[in-house]
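Accompanying notes for the structure given below.
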Protein chains: 2
Amino acid sequence: MKVSVLFSGGKDSSLSALLLEPFFEVELVTCNFGLLPTGEIAAKTAEELHFPHRVLSLDREILEKAYELVLNEGFPRGAINYIHGRAVETLALDPAVKLIADGTRRDDRVPMLSISQVRSIEDRLGVQYFCPLKGCGKKIVDSLVGAYLNIEQGPSESTQKADYETELRELIRQRQGEAAIKELFPVHFQSHVFSRKKFP
Amino acid sequence: MKVSVLFSGGKDSSLSALLLEPFFEVELVTCNFGLLPTGEIAAKTAEELHFPHRVLSLDREILEKAYELVLNEGFPRGAINYIHGRAVETLALDPAVKLIADGTRRDDRVPMLSISQVRSIEDRLGVQYFCPLKGCGKKIVDSLVGAYLNIEQGPSESTQKADYETELRELIRQRQGEAAIKELFPVHFQSHVFSRKKFP
């Protein structure tokens, strides 16, 4: 069975791919709006991890809608969740895609699909969506990451990543300036994965 | 890292153990109240799956409390969840146990710990509890089971299993008779695992 894992180059999506590897044919998929070369950053990480990788172009109107959401709401949660839902739907429309996974963890609040969103996508689009880390708390994830991955961690504004936030921030920077970023996005620590420490 | 997987001999706990095997040192643990030889049934299955296995004796007062619950409530959900919570706690009290996993799936309603129960057990007892199938719907689980396990399915009353329900039903049978079982327990299909189909 082939599974398409939504891949940001961060530790959660990387670890999800590793956990699925013994049981599935894994491909990594990074979403991109054409604003920044996030697909290339992710492709480099995917190569280090020895997984096939491709970039999925998302409609710019999805980013525009997310831009409106974050400005209206004053924080990025709804916007990131909106992009995530549309990304899963776009991937699910590919007739070659039957299984979709991502790095959502037990304690994540964003990006996160509700169970009714998941069932709706599964029923309408004939795919199965699942999250290998959904039943795992932070300590288990950190232990596995520590055992299998070489990572760099840093504040979200300086860490090279290919998540939905990266291009959303860039669009806001272009239109609203640097100050708007600091106001709208709480600084949080992000991880960038370099390579594998070992193979299971 | 060693993980103790709560094991009923059914497909969900068996599959959970298989998914963890490449990344952890897995031991299977079956809970027993001393009423029926469920530990022996599970031990046989564990041997077929090539995992180390042990039986964890649970206090009979847990079963007595569950018995009261099912009679008072008229259905077994609360009783099974109660046993499950106490089983995880009992296992967590073993100083050699640091990681506990079970076969809970995305769409399960029982046995199921709430997120606050999980955090309470993790914080009080210094263990991590996780569920490899928690982010998986029925179809993904069925696909993986179909690929890796030989199973037999049948109605819950006739399938040999070592789950919490087995001894709870037996206690009710002894005290209330066969008719009470039919009244209190909805017939549902259970799986019994025979062996592995293949190794990943």
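How things are named: the first chain in the structure tokens is A, the next is B, and so on; residues count from 1 in each chain; ligands count from 1 in the order shown.
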Exercise answer, chain A residues close to chain B, 9 Å and only C-alpha atoms, as a ChimeraX atom specification:
/A:1,19-20,22-23,99,104-106,115,128-137,139-140,143-144,200
Neighbour list for Gln160 (chain B) as a compact mmCIF listing (two decimals) with all heavy atoms, in the first residue's frame, cut-off 9 Å, only C-alpha atoms, skip fewer than 6 positions in-chain:
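The resulting file, part-v7.txt, is reproduced below:
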# COMPACT_ATOMS: atom_id res chain seq x y z
N GLY B 9 -5.34 -10.45 22.66
CA GLY B 9 -5.38 -11.49 21.63
C GLY B 9 -6.24 -11.10 20.45
O GLY B 9 -6.37 -11.86 19.49
N THR B 38 -7.87 -16.63 30.93
CA THR B 38 -7.69 -15.78 29.75
C THR B 38 -6.21 -15.52 29.47
O THR B 38 -5.81 -15.33 28.33
CB THR B 38 -8.40 -14.42 29.92
OG1 THR B 38 -7.89 -13.78 31.10
CG2 THR B 38 -9.90 -14.59 30.05
N ILE B 41 -4.94 -18.21 27.11
CA ILE B 41 -5.39 -18.01 25.72
C ILE B 41 -4.52 -16.95 25.05
O ILE B 41 -4.02 -17.13 23.95
CB ILE B 41 -6.87 -17.55 25.70
CG1 ILE B 41 -7.79 -18.66 26.23
CG2 ILE B 41 -7.29 -17.13 24.30
CD1 ILE B 41 -9.22 -18.19 26.52
N THR B 166 -14.47 -10.63 28.90
CA THR B 166 -14.58 -12.09 29.05
C THR B 166 -14.87 -12.48 30.50
O THR B 166 -15.81 -13.23 30.78
CB THR B 166 -13.30 -12.77 28.54
OG1 THR B 166 -13.04 -12.32 27.21
CG2 THR B 166 -13.43 -14.28 28.54
N GLN B 190 -16.21 -9.97 17.32
CA GLN B 190 -14.89 -9.93 17.93
C GLN B 190 -13.92 -10.66 17.02
O GLN B 190 -14.31 -11.51 16.23
CB GLN B 190 -14.92 -10.68 19.27
CG GLN B 190 -15.77 -10.02 20.31
CD GLN B 190 -14.95 -9.14 21.24
OE1 GLN B 190 -13.78 -8.89 20.97
NE2 GLN B 190 -15.56 -8.67 22.29
N SER B 191 -12.66 -10.34 17.18
CA SER B 191 -11.67 -11.04 16.38
C SER B 191 -10.72 -11.79 17.30
O SER B 191 -10.42 -11.35 18.40
CB SER B 191 -10.87 -10.03 15.56
OG SER B 191 -10.19 -9.14 16.41
N HIS B 192 -10.30 -12.93 16.85
CA HIS B 192 -9.27 -13.68 17.54
C HIS B 192 -8.13 -13.88 16.55
O HIS B 192 -8.34 -14.29 15.41
CB HIS B 192 -9.83 -15.03 18.01
CG HIS B 192 -8.79 -15.94 18.53
ND1 HIS B 192 -8.16 -15.73 19.74
CD2 HIS B 192 -8.24 -17.06 18.00
CE1 HIS B 192 -7.27 -16.70 19.93
NE2 HIS B 192 -7.31 -17.51 18.89
Just the residues within 6 Å of Gly103 (chain A), please, counting only C-alpha atoms, with nothing from its chain fewer than 4 positions along; format it as a PyMOL selection string.
chain A and resi 12-13+16
Selection export as a PDB file, in the first residue's frame, atoms kept: N, CA, C and O atoms:
ATOM      1  N   ASP A  12       7.744  16.179  13.307  1.00  0.00           N
ATOM      2  CA  ASP A  12       6.534  15.356  13.402  1.00  0.00           C
ATOM      3  C   ASP A  12       6.220  14.638  12.078  1.00  0.00           C
ATOM      4  O   ASP A  12       5.920  13.449  12.073  1.00  0.00           O
ATOM      5  N   SER A  13       6.306  15.378  10.976  1.00  0.00           N
ATOM      6  CA  SER A  13       6.008  14.710   9.699  1.00  0.00           C
ATOM      7  C   SER A  13       7.130  13.744   9.317  1.00  0.00           C
ATOM      8  O   SER A  13       6.877  12.684   8.734  1.00  0.00           O
ATOM      9  N   SER A  16       6.588  10.623  11.434  1.00  0.00           N
ATOM     10  CA  SER A  16       5.442   9.865  10.922  1.00  0.00           C
ATOM     11  C   SER A  16       5.853   8.999   9.734  1.00  0.00           C
ATOM     12  O   SER A  16       5.471   7.830   9.640  1.00  0.00           O
TER      13      SER A  16
END
Quick one, how far is CA of Val5 (chain A) from CA of Glu89 (chain A)?
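The value is 13.4 Å.
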Applying 8 Å and only C-alpha atoms, which residues near Glu27 (chain B) remain after dropping the ones on its own chain fewer than 5 positions away? List them as a ChimeraX atom specification.
/B:2-5,51-54
Do you know which residues are at most 9 Å from Arg86 (chain A) counting only C-alpha atoms, after dropping those on the same chain fewer than 5 positions away, and could you put them as a PyMOL selection string?
chain A and resi 58+62+81+91
Which residue, A:Ile151, A:Ala179, A:Leu125, A:Val141, has the smallest gap to Ala92 (chain A) when you use only C-alpha atoms?
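Once distances to Ala92 (chain A) are computed over only C-alpha atoms, the minimum belongs to A:Leu125.
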Shell around Val70 (chain B) at 10 Å using only C-alpha atoms, local window under 3 positions removed, as JSON, numbers by chain:
{"B": [65, 66, 67, 73, 74, 75, 76, 77, 78, 79, 80, 168, 169, 172, 184, 185]}
If I take CA of Asp163 (chain A) and CA of Phe33 (chain A), how far is one from the other in Å, to one decimal?
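Distance between the two atoms: 11.0 Å.
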